[in-house]
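See below for entry02.cif, which holds mmCIF, C-alpha atoms and all ligand atoms.
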data_input
loop_
_atom_site.label_atom_id
_atom_site.label_comp_id
_atom_site.auth_asym_id
_atom_site.auth_seq_id
_atom_site.Cartn_x
_atom_site.Cartn_y
_atom_site.Cartn_z
CA MET O 1 41.11 -43.65 79.01
CA SER O 2 37.56 -42.99 77.92
CA ALA O 3 36.42 -39.41 78.22
CA THR O 4 32.83 -38.25 78.47
CA LEU O 5 31.72 -35.33 76.40
CA ARG O 6 29.39 -32.62 77.49
CA ILE O 7 26.57 -31.58 75.15
CA THR O 8 24.46 -28.46 75.20
CA PRO O 9 21.23 -28.92 77.15
CA PRO O 10 18.26 -29.27 74.77
CA VAL O 11 15.35 -26.81 74.78
CA ALA O 12 11.60 -27.45 74.52
CA GLY O 13 11.60 -27.17 70.71
CA ALA O 14 11.80 -24.49 68.05
CA ARG O 15 9.30 -21.94 66.84
CA ILE O 16 9.04 -19.61 63.87
CA LEU O 17 9.47 -16.07 65.18
CA GLY O 18 9.10 -14.04 61.99
CA VAL O 19 8.85 -14.27 58.22
CA GLY O 20 9.95 -12.09 55.31
CA SER O 21 10.22 -12.05 51.54
CA TYR O 22 11.74 -10.20 48.61
CA GLN O 23 10.78 -10.11 44.96
CA PRO O 24 12.56 -8.29 42.13
CA ALA O 25 10.71 -5.25 40.82
CA ARG O 26 10.28 -6.49 37.26
CA VAL O 27 6.97 -8.28 36.62
CA VAL O 28 6.72 -10.45 33.50
CA THR O 29 3.20 -11.27 32.32
CA ASN O 30 2.17 -14.21 30.19
CA ALA O 31 1.43 -11.77 27.36
CA GLU O 32 5.04 -10.55 27.49
CA LEU O 33 6.36 -14.14 27.28
CA ALA O 34 4.06 -14.76 24.31
CA GLN O 35 5.98 -12.07 22.40
CA THR O 36 9.11 -14.28 22.27
CA ILE O 37 7.85 -17.88 22.58
CA ASP O 38 4.93 -19.79 21.11
CA THR O 39 2.58 -19.68 24.10
CA ASN O 40 -0.45 -17.80 25.35
CA ASP O 41 -2.06 -16.60 28.55
CA GLU O 42 -4.93 -19.11 28.35
CA TRP O 43 -2.56 -22.13 28.09
CA ILE O 44 -0.36 -20.99 30.95
CA GLN O 45 -3.24 -20.08 33.26
CA SER O 46 -5.15 -23.29 32.62
CA ARG O 47 -2.16 -25.71 32.76
CA VAL O 48 0.01 -24.06 35.41
CA GLY O 49 -2.06 -21.33 37.07
CA ILE O 50 0.53 -18.56 36.65
CA ALA O 51 -0.59 -15.07 35.55
CA SER O 52 2.72 -13.24 36.11
CA ARG O 53 6.08 -13.72 37.78
CA HIS O 54 8.97 -11.58 39.05
CA VAL O 55 12.32 -11.65 37.28
CA ALA O 56 15.61 -10.37 38.70
CA ALA O 57 17.57 -7.66 36.90
CA PRO O 58 20.80 -8.94 35.31
CA GLY O 59 22.97 -7.47 38.09
CA GLU O 60 20.63 -8.49 40.89
CA LEU O 61 22.20 -11.42 42.72
CA LEU O 62 20.64 -14.34 44.54
CA ILE O 63 22.48 -13.28 47.68
CA ASP O 64 20.98 -9.77 47.41
CA MET O 65 17.47 -11.22 47.31
CA ALA O 66 18.26 -13.66 50.14
CA THR O 67 19.67 -10.84 52.29
CA ALA O 68 16.60 -8.64 51.75
CA ALA O 69 14.20 -11.45 52.71
CA ALA O 70 16.31 -12.38 55.74
CA ALA O 71 16.46 -8.76 56.93
CA GLN O 72 12.67 -8.50 56.70
CA ALA O 73 12.18 -11.77 58.63
CA ILE O 74 14.57 -10.62 61.38
CA LYS O 75 12.63 -7.36 61.70
CA ASP O 76 9.32 -9.24 61.69
CA ALA O 77 10.62 -11.35 64.58
CA GLY O 78 11.33 -8.17 66.56
CA LEU O 79 15.06 -8.91 66.46
CA ILE O 80 18.19 -7.28 65.06
CA PRO O 81 20.78 -9.11 62.92
CA THR O 82 23.23 -9.54 65.81
CA ASP O 83 20.61 -11.72 67.56
CA ILE O 84 21.14 -14.33 64.82
CA ASP O 85 23.85 -16.98 65.28
CA THR O 86 23.29 -19.13 62.17
CA VAL O 87 22.30 -18.50 58.56
CA ILE O 88 20.99 -21.33 56.38
CA VAL O 89 20.21 -20.67 52.72
CA ALA O 90 18.24 -23.24 50.75
CA THR O 91 18.99 -22.80 47.06
CA CYS O 92 19.80 -24.72 43.89
CA THR O 93 20.51 -21.78 41.57
CA MET O 94 23.74 -20.19 42.78
CA PRO O 95 25.88 -19.19 39.79
CA THR O 96 28.73 -21.29 41.22
CA SER O 97 28.77 -23.78 44.08
CA VAL O 98 31.79 -22.23 45.83
CA PRO O 99 31.62 -20.09 47.90
CA ASN O 100 28.21 -20.78 49.36
CA ALA O 101 25.43 -18.18 49.57
CA SER O 102 24.88 -18.21 53.34
CA ALA O 103 28.26 -16.83 54.47
CA ARG O 104 27.91 -13.85 52.13
CA VAL O 105 24.31 -13.31 53.22
CA ALA O 106 25.55 -13.26 56.83
CA THR O 107 28.19 -10.68 55.95
CA ALA O 108 25.65 -8.58 54.04
CA LEU O 109 23.36 -8.70 57.09
CA GLY O 110 26.24 -7.32 59.18
CA ILE O 111 26.83 -10.54 61.10
CA ASN O 112 30.05 -11.73 59.52
CA GLY O 113 31.37 -14.73 61.48
CA VAL O 114 28.18 -16.64 62.31
CA GLY O 115 27.57 -20.27 61.30
CA ALA O 116 26.53 -20.37 57.64
CA PHE O 117 25.71 -23.20 55.27
CA ASP O 118 23.59 -23.88 52.19
CA VAL O 119 21.07 -26.67 51.68
CA ASN O 120 20.30 -28.05 48.23
CA ALA O 121 17.09 -30.04 48.10
CA ALA O 122 15.79 -27.96 45.17
CA CYS O 123 12.10 -27.09 45.59
CA ALA O 124 12.03 -29.00 48.91
CA GLY O 125 15.02 -26.97 50.12
CA PHE O 126 13.17 -24.70 52.53
CA THR O 127 11.33 -27.51 54.31
CA TYR O 128 14.60 -29.46 54.62
CA ALA O 129 16.46 -26.40 55.91
CA LEU O 130 13.69 -25.55 58.37
CA ALA O 131 13.84 -29.10 59.76
CA VAL O 132 17.61 -28.98 60.18
CA GLY O 133 17.41 -25.53 61.74
CA ALA O 134 14.66 -26.59 64.14
CA ASP O 135 16.76 -29.53 65.33
CA LEU O 136 19.82 -27.29 65.79
CA VAL O 137 17.72 -25.00 67.99
CA ARG O 138 16.12 -27.89 69.86
CA SER O 139 19.50 -29.45 70.61
CA GLY O 140 20.91 -26.14 71.82
CA SER O 141 23.55 -26.04 69.07
CA ALA O 142 22.12 -22.76 67.75
CA THR O 143 19.81 -20.19 69.28
CA ARG O 144 18.34 -18.02 66.56
CA ILE O 145 18.62 -19.01 62.95
CA VAL O 146 17.51 -17.27 59.80
CA VAL O 147 16.40 -19.90 57.29
CA VAL O 148 16.19 -18.50 53.76
CA GLY O 149 14.92 -19.96 50.50
CA ALA O 150 16.32 -17.99 47.55
CA GLU O 151 16.45 -18.67 43.83
CA LYS O 152 17.47 -16.90 40.67
CA PHE O 153 15.99 -19.51 38.39
CA THR O 154 16.09 -17.30 35.33
CA ASP O 155 19.89 -17.88 35.22
CA TRP O 156 19.25 -21.60 34.65
CA VAL O 157 16.20 -21.64 32.40
CA ASP O 158 16.33 -21.31 28.63
CA PRO O 159 14.15 -18.27 27.89
CA LEU O 160 13.19 -19.91 24.58
CA ASP O 161 12.08 -23.22 26.15
CA ARG O 162 8.33 -22.76 26.56
CA SER O 163 7.98 -25.83 28.79
CA THR O 164 10.12 -24.27 31.56
CA SER O 165 10.46 -20.51 30.98
CA ILE O 166 6.77 -19.95 31.70
CA ILE O 167 7.06 -21.68 35.09
CA PHE O 168 10.24 -20.71 36.93
CA ALA O 169 10.94 -17.31 38.46
CA ASP O 170 13.11 -15.41 40.95
CA GLY O 171 12.75 -14.33 44.58
CA ALA O 172 13.45 -15.11 48.21
CA GLY O 173 11.58 -15.89 51.41
CA ALA O 174 12.84 -16.33 54.95
CA ALA O 175 11.86 -17.38 58.45
CA VAL O 176 13.62 -16.70 61.72
CA ILE O 177 13.45 -19.56 64.18
CA GLY O 178 14.31 -19.66 67.86
CA PRO O 179 13.78 -21.67 71.03
CA ALA O 180 10.34 -22.41 72.46
CA THR O 181 9.74 -22.04 76.17
CA GLU O 182 8.32 -25.00 78.13
CA GLN O 183 5.09 -23.05 78.43
CA GLN O 184 4.76 -22.37 74.69
CA GLY O 185 5.82 -25.81 73.49
CA PRO O 186 7.23 -26.49 70.01
CA GLY O 187 5.99 -24.55 67.00
CA ILE O 188 7.76 -26.63 64.35
CA GLY O 189 6.62 -30.23 64.12
CA PRO O 190 8.73 -33.26 63.17
CA VAL O 191 9.73 -33.43 59.53
CA VAL O 192 8.75 -36.29 57.24
CA TRP O 193 11.25 -36.36 54.42
CA GLY O 194 12.56 -38.62 51.70
CA SER O 195 13.81 -38.86 48.16
CA ALA O 196 13.55 -40.76 44.89
CA GLY O 197 17.01 -40.62 43.38
CA ASP O 198 15.98 -43.28 40.89
CA MET O 199 13.98 -40.49 39.21
CA ALA O 200 16.78 -37.92 39.37
CA GLU O 201 16.87 -37.30 35.63
CA VAL O 202 13.28 -36.02 35.41
CA ILE O 203 14.33 -32.56 36.70
CA SER O 204 17.98 -31.89 36.05
CA ILE O 205 20.67 -29.53 34.81
CA ALA O 206 23.21 -31.61 32.89
CA ASP O 207 26.27 -29.40 33.46
CA ARG O 208 27.24 -25.81 34.19
CA THR O 209 26.60 -24.69 30.62
CA SER O 210 23.16 -26.34 30.36
CA PHE O 211 19.67 -25.17 31.14
CA LEU O 212 17.07 -26.91 33.30
CA HIS O 213 15.44 -29.95 31.75
CA GLN O 214 12.09 -31.16 33.12
CA GLU O 215 9.89 -34.11 32.20
CA GLY O 216 6.76 -32.25 33.21
CA GLN O 217 4.19 -35.02 33.01
CA THR O 218 6.30 -37.48 35.01
CA VAL O 219 6.87 -34.89 37.72
CA PHE O 220 3.17 -34.01 37.68
CA ARG O 221 2.14 -37.66 38.16
CA TRP O 222 4.71 -38.17 40.93
CA ALA O 223 3.63 -35.04 42.78
CA THR O 224 -0.09 -35.79 42.54
CA THR O 225 0.28 -39.39 43.77
CA LYS O 226 3.19 -39.45 46.25
CA ILE O 227 2.98 -36.16 48.12
CA ALA O 228 -0.41 -36.22 49.87
CA PRO O 229 0.52 -39.27 52.01
CA ILE O 230 3.70 -37.46 53.09
CA ALA O 231 1.69 -34.42 54.12
CA LEU O 232 -0.70 -36.61 56.14
CA GLN O 233 2.23 -38.35 57.85
CA ALA O 234 3.68 -34.98 58.87
CA LEU O 235 0.39 -34.15 60.60
CA GLU O 236 0.30 -37.50 62.33
CA GLN O 237 3.89 -37.06 63.55
CA ALA O 238 2.95 -33.69 65.03
CA GLY O 239 -0.10 -35.20 66.78
CA LEU O 240 -2.51 -33.27 64.57
CA GLN O 241 -5.58 -34.19 62.53
CA PRO O 242 -6.17 -32.97 58.96
CA SER O 243 -9.03 -30.88 60.38
CA ASP O 244 -6.50 -28.93 62.48
CA VAL O 245 -4.84 -27.42 59.40
CA ASP O 246 -5.73 -23.75 58.91
CA VAL O 247 -3.35 -23.05 56.04
CA LEU O 248 -1.89 -25.43 53.46
CA VAL O 249 1.37 -24.10 52.00
CA PRO O 250 2.79 -26.51 49.44
CA HIS O 251 5.74 -25.66 47.23
CA GLN O 252 4.23 -23.44 44.54
CA ALA O 253 4.92 -25.80 41.63
CA ASN O 254 1.72 -25.75 39.61
CA LEU O 255 -1.75 -24.64 40.74
CA ARG O 256 -3.25 -27.93 39.54
CA ILE O 257 -0.85 -29.88 41.78
CA LEU O 258 -1.70 -27.63 44.74
CA GLU O 259 -5.44 -28.06 44.21
CA SER O 260 -5.04 -31.81 43.89
CA LEU O 261 -3.14 -31.90 47.20
CA ALA O 262 -5.82 -29.81 48.93
CA LYS O 263 -8.50 -32.12 47.55
CA ALA O 264 -6.68 -35.22 48.82
CA LEU O 265 -6.30 -33.69 52.29
CA ARG O 266 -9.99 -32.72 52.37
CA LYS O 267 -10.90 -36.31 51.50
CA SER O 268 -8.88 -37.25 54.59
CA GLY O 269 -10.72 -34.79 56.82
CA ALA O 270 -9.18 -31.37 56.16
CA ARG O 271 -11.69 -28.54 56.45
CA GLU O 272 -13.38 -26.85 53.49
CA ASP O 273 -12.25 -23.51 54.91
CA MET O 274 -8.58 -24.58 55.03
CA VAL O 275 -6.77 -21.84 53.13
CA LEU O 276 -4.64 -23.04 50.21
CA ALA O 277 -1.59 -20.91 49.32
CA ARG O 278 -1.96 -19.70 45.73
CA ASP O 279 1.07 -17.46 45.63
CA ILE O 280 2.13 -19.08 42.35
CA VAL O 281 -0.47 -16.99 40.48
CA HIS O 282 1.60 -13.80 40.78
CA SER O 283 5.00 -15.19 41.81
CA GLY O 284 5.51 -18.21 39.52
CA ASN O 285 7.50 -21.21 40.71
CA THR O 286 10.41 -19.94 42.79
CA SER O 287 11.59 -23.36 43.97
CA ALA O 288 13.09 -23.18 47.50
CA ALA O 289 11.81 -19.62 47.92
CA SER O 290 8.18 -20.42 47.24
CA ILE O 291 7.03 -21.65 50.67
CA PRO O 292 8.51 -18.89 52.87
CA MET O 293 7.52 -16.28 50.27
CA ALA O 294 3.93 -17.55 50.27
CA LEU O 295 3.90 -17.52 54.08
CA ALA O 296 5.10 -13.91 54.18
CA HIS O 297 2.60 -12.80 51.54
CA MET O 298 -0.28 -14.61 53.26
CA ARG O 299 0.59 -13.14 56.63
CA ALA O 300 0.72 -9.69 55.04
CA ASP O 301 -2.67 -10.02 53.25
CA GLY O 302 -4.37 -11.59 56.28
CA SER O 303 -5.15 -14.97 54.70
CA ALA O 304 -2.83 -16.58 57.28
CA ARG O 305 -2.85 -15.38 60.86
CA SER O 306 -0.67 -15.59 63.92
CA GLY O 307 -1.31 -18.89 65.75
CA ASP O 308 -2.60 -20.67 62.64
CA VAL O 309 -1.53 -24.26 62.02
CA ALA O 310 0.22 -24.30 58.65
CA LEU O 311 1.19 -27.47 56.83
CA LEU O 312 4.33 -26.96 54.73
CA VAL O 313 4.97 -29.43 51.92
CA GLY O 314 8.12 -29.20 49.78
CA PHE O 315 8.78 -31.41 46.74
CA GLY O 316 10.82 -31.23 43.57
CA ALA O 317 14.14 -32.10 41.94
CA GLY O 318 16.15 -34.88 43.47
CA LEU O 319 13.52 -36.00 43.61
CA CYS O 320 13.29 -34.77 47.20
CA PHE O 321 10.36 -34.05 49.49
CA ALA O 322 9.85 -32.85 53.07
CA ALA O 323 6.78 -31.79 55.06
CA GLN O 324 6.15 -30.43 58.54
CA ALA O 325 3.37 -28.72 60.47
CA VAL O 326 4.20 -25.33 62.00
CA LEU O 327 2.50 -22.67 64.10
CA LEU O 328 2.62 -19.26 62.45
CA PRO O 329 4.15 -16.35 64.36
O1 LIG O 401 9.09 -27.20 41.01
C1 LIG O 401 9.43 -28.34 40.31
C2 LIG O 401 8.27 -29.24 40.23
N1 LIG O 401 7.83 -29.32 38.85
C3 LIG O 401 6.53 -29.34 38.54
O2 LIG O 401 5.69 -29.22 39.37
C4 LIG O 401 6.15 -29.57 37.08
C5 LIG O 401 4.98 -30.50 36.98
N2 LIG O 401 4.46 -30.56 35.63
C6 LIG O 401 3.75 -29.57 35.08
O3 LIG O 401 3.51 -28.57 35.73
C7 LIG O 401 3.21 -29.76 33.71
O4 LIG O 401 3.54 -31.06 33.23
C8 LIG O 401 3.72 -28.71 32.69
C9 LIG O 401 3.14 -27.36 33.03
C10 LIG O 401 5.24 -28.64 32.72
C11 LIG O 401 3.27 -29.06 31.29
O5 LIG O 401 1.86 -29.22 31.24
P1 LIG O 401 1.21 -30.50 30.58
O6 LIG O 401 -0.23 -30.37 30.76
O7 LIG O 401 1.87 -31.73 31.16
O8 LIG O 401 1.58 -30.31 29.07
P2 LIG O 401 2.38 -31.28 28.08
O9 LIG O 401 3.84 -31.27 28.39
O10 LIG O 401 1.67 -32.60 28.03
O11 LIG O 401 2.16 -30.57 26.71
C12 LIG O 401 0.88 -30.50 26.08
C13 LIG O 401 0.98 -29.67 24.83
C14 LIG O 401 2.15 -30.07 23.93
O12 LIG O 401 1.74 -29.87 22.58
P3 LIG O 401 1.26 -31.08 21.68
O13 LIG O 401 2.44 -32.03 21.63
O14 LIG O 401 0.08 -31.67 22.38
O15 LIG O 401 0.96 -30.44 20.37
C15 LIG O 401 3.22 -29.07 24.27
O16 LIG O 401 4.12 -28.87 23.22
O17 LIG O 401 1.22 -28.30 25.19
C16 LIG O 401 2.38 -27.83 24.51
N3 LIG O 401 3.05 -26.83 25.33
C17 LIG O 401 2.69 -25.54 25.33
N4 LIG O 401 1.75 -24.86 24.63
C18 LIG O 401 1.65 -23.55 24.88
C19 LIG O 401 4.05 -27.01 26.22
N5 LIG O 401 4.37 -25.85 26.80
C20 LIG O 401 3.54 -24.92 26.25
C21 LIG O 401 3.38 -23.55 26.45
N6 LIG O 401 2.43 -22.92 25.74
N7 LIG O 401 4.14 -22.85 27.32
#
Let's see the structure in the file written out as C-alpha cells.
Amino acid sequence: MSATLRITPPVAGARILGVGSYQPARVVTNAELAQTIDTNDEWIQSRVGIASRHVAAPGELLIDMATAAAAQAIKDAGLIPTDIDTVIVATCTMPTSVPNASARVATALGINGVGAFDVNAACAGFTYALAVGADLVRSGSATRIVVVGAEKFTDWVDPLDRSTSIIFADGAGAAVIGPATEQQGPGIGPVVWGSAGDMAEVISIADRTSFLHQEGQTVFRWATTKIAPIALQALEQAGLQPSDVDVLVPHQANLRILESLAKALRKSGAREDMVLARDIVHSGNTSAASIPMALAHMRADGSARSGDVALLVGFGAGLCFAAQAVLLP
C-alpha cells in the first residue's frame, strides 16, 4: 500500500525581524599586540584594516556570547524567547564538537526543548545558516528562528603567530527570522552558495591540539577574484540590480578584500553611495559572527536603516561561500 504524506503548508517567504550582537569587554589594540609579537599598528592597519578587536575573558564561553547576541536580537524583533521554536548557531570554534552550541544556547535563553543545531561553514557560516533557516520558515517547518554567528577564535589562534593573531577575534551576532505575509513578500532572497574543497588546506586547523593555519595570500587572491561574481548572482536570483543595494555587508575578513568587492560591484552598477560595512576596523575578523555583528552595529549607528536592501556575502575556510540579498528590519 502506498501512503501519501502530508506536509506543512508553505508561507510567502522569510524575513529578518530583528538583529543583535555581543562583544567581550576587553579591547586589544594593535599597540598592545606589538608588545608581544613583532608587528606594528601601521602594518596591521594598512594590510588588514584592523585598529582594535575584542577578546573574550578566559572563562567567557562561546555559548555565553551567542546567548547574549540571541537575546538582543529577540528583543529587537519585539519578541520574547518563548516565541522562538528553533536555534541555529553558526560556528567553527567550539572547544569540542559534542555537544553542539545551539542546544545549550536554547537552554540559556530559557527555551529548553526547541529544535537546535549548529552549522559549520566557517566564515560563511552565518550566510549558510540564514539560508537554511529561511527555507525552514518558508516551508512551514519552523516559525521563528534565531540564527546566531558566534566565535571564540582566540582559543584556536596562536597568540605568537603574527600572521593570524592580529586578524581573528571573538564575538557574536544574531538575527531572528520569521514568516513573511503575502502582502509583505519575502525579505530574504535566494542563496547562492558553493565550496572549493580542493583548497581546503589553505585555512585549516590540523587537529584538536593545533592552532589555525592560513595561507593568507592564496586566500586573498581567491576572495578578490571569486567572490564578486557570487555576490552579483545573489542579486540576480533575488530579481535585484546592483544599483538596488543600499548596504554591502561582506564577511569582515580584511578591509582590502571588502573594498575590492565594493569596487567590483560598483563597476557592475552599484551606487557610489552604497554603504560598505567596515566593522572589521574595531571588531577584527570574527568569522561567522562578523556579518550579523556588522548588521547590528550598522543599524545601531544609523548607517543601515530599516527597509534597506543589504547584500550579505560570506566566504572563508572550506573553502565555503554563500551570498543573499535581504531587507533589513
Ligand atoms: O576569514 C578568513 C578569510 N581570510 C582572509 O581573508 C585572509 C586573507 N589574506 C590576508 O588578509 C593577508 O594575506 C594577510 C593579512 C594574512 C597577510 O597580508 P599580506 O599582505 O598577504 O602579507 P604577506 O603574508 O605577504 O607578508 C608580507 C610581509 C612578510 O615579511 P617579508 O617576508 O616580506 O619580510 C611577513 O613576514 O609581512 C610580514 N608580516 C608581518 N609584518 C608585520 C606578516 N604578518 C605581519 C605582521 N606584522 N602582523
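Comparing O:Ser287, O:Gln72, O:Ser139, O:Gln324 by their smallest distance to Trp193 of chain O, the closest is O:Gln324 (using all atoms listed in the file).
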Which protein, DNA or RNA residues have an atom within 8 Å of ligand LIG 401 (chain O), counting only C-alpha atoms and all ligand atoms, as JSON, numbers by chain? {"O": [37, 38, 39, 40, 43, 44, 47, 48, 122, 123, 162, 163, 164, 165, 166, 167, 168, 203, 214, 215, 216, 217, 218, 219, 220, 221, 223, 251, 252, 253, 254, 256, 257, 285, 286, 287, 315, 316, 317]}
Calculate how many Å separate atom CA of Thr224 of chain O from atom CA of Leu319 of chain O, rounding to one decimal. 13.7 Å
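Comparing the minimum interatomic distances between Arg299 of chain O and each of O:Ser21, O:Phe321, O:Val157, O:Arg266, counting only C-alpha atoms, we find that O:Ser21 sits nearest.
Among the candidate residues O:Ala289, O:Leu240, O:Leu232, O:Ala12, the one lying nearest to Asp135 of chain O is O:Ala12, with distances computed using only C-alpha atoms.
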Test item: residues at most 7 Å from Arg138 of chain O, only C-alpha atoms, excluding those fewer than 4 positions along its chain, as a PyMOL selection string: chain O and resi 10-14+134+179
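Of the listed residues (O:His213, O:Gln183, O:Lys263, O:Gly178), O:Gly178 comes nearest to Ala77 of chain O; the distances count all atoms listed in the file.
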Cut-off 10 Å around (25.9, -10.3, 59.3) with all atoms listed in the file: residues as a ChimeraX atom specification: /O:67,71,81-87,102-114
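The coordinates place atom CA of Leu312 of chain O at 15.3 Å from atom CA of Gly239 of chain O.
Between atom CA of Ile280 of chain O and atom CA of Ala66 of chain O the separation is 18.7 Å.
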I need the residue nearest Leu61 of chain O from this list: O:Lys152, O:Arg271, O:Arg208, O:Lys75. Use all atoms listed in the file for the distance. O:Lys152
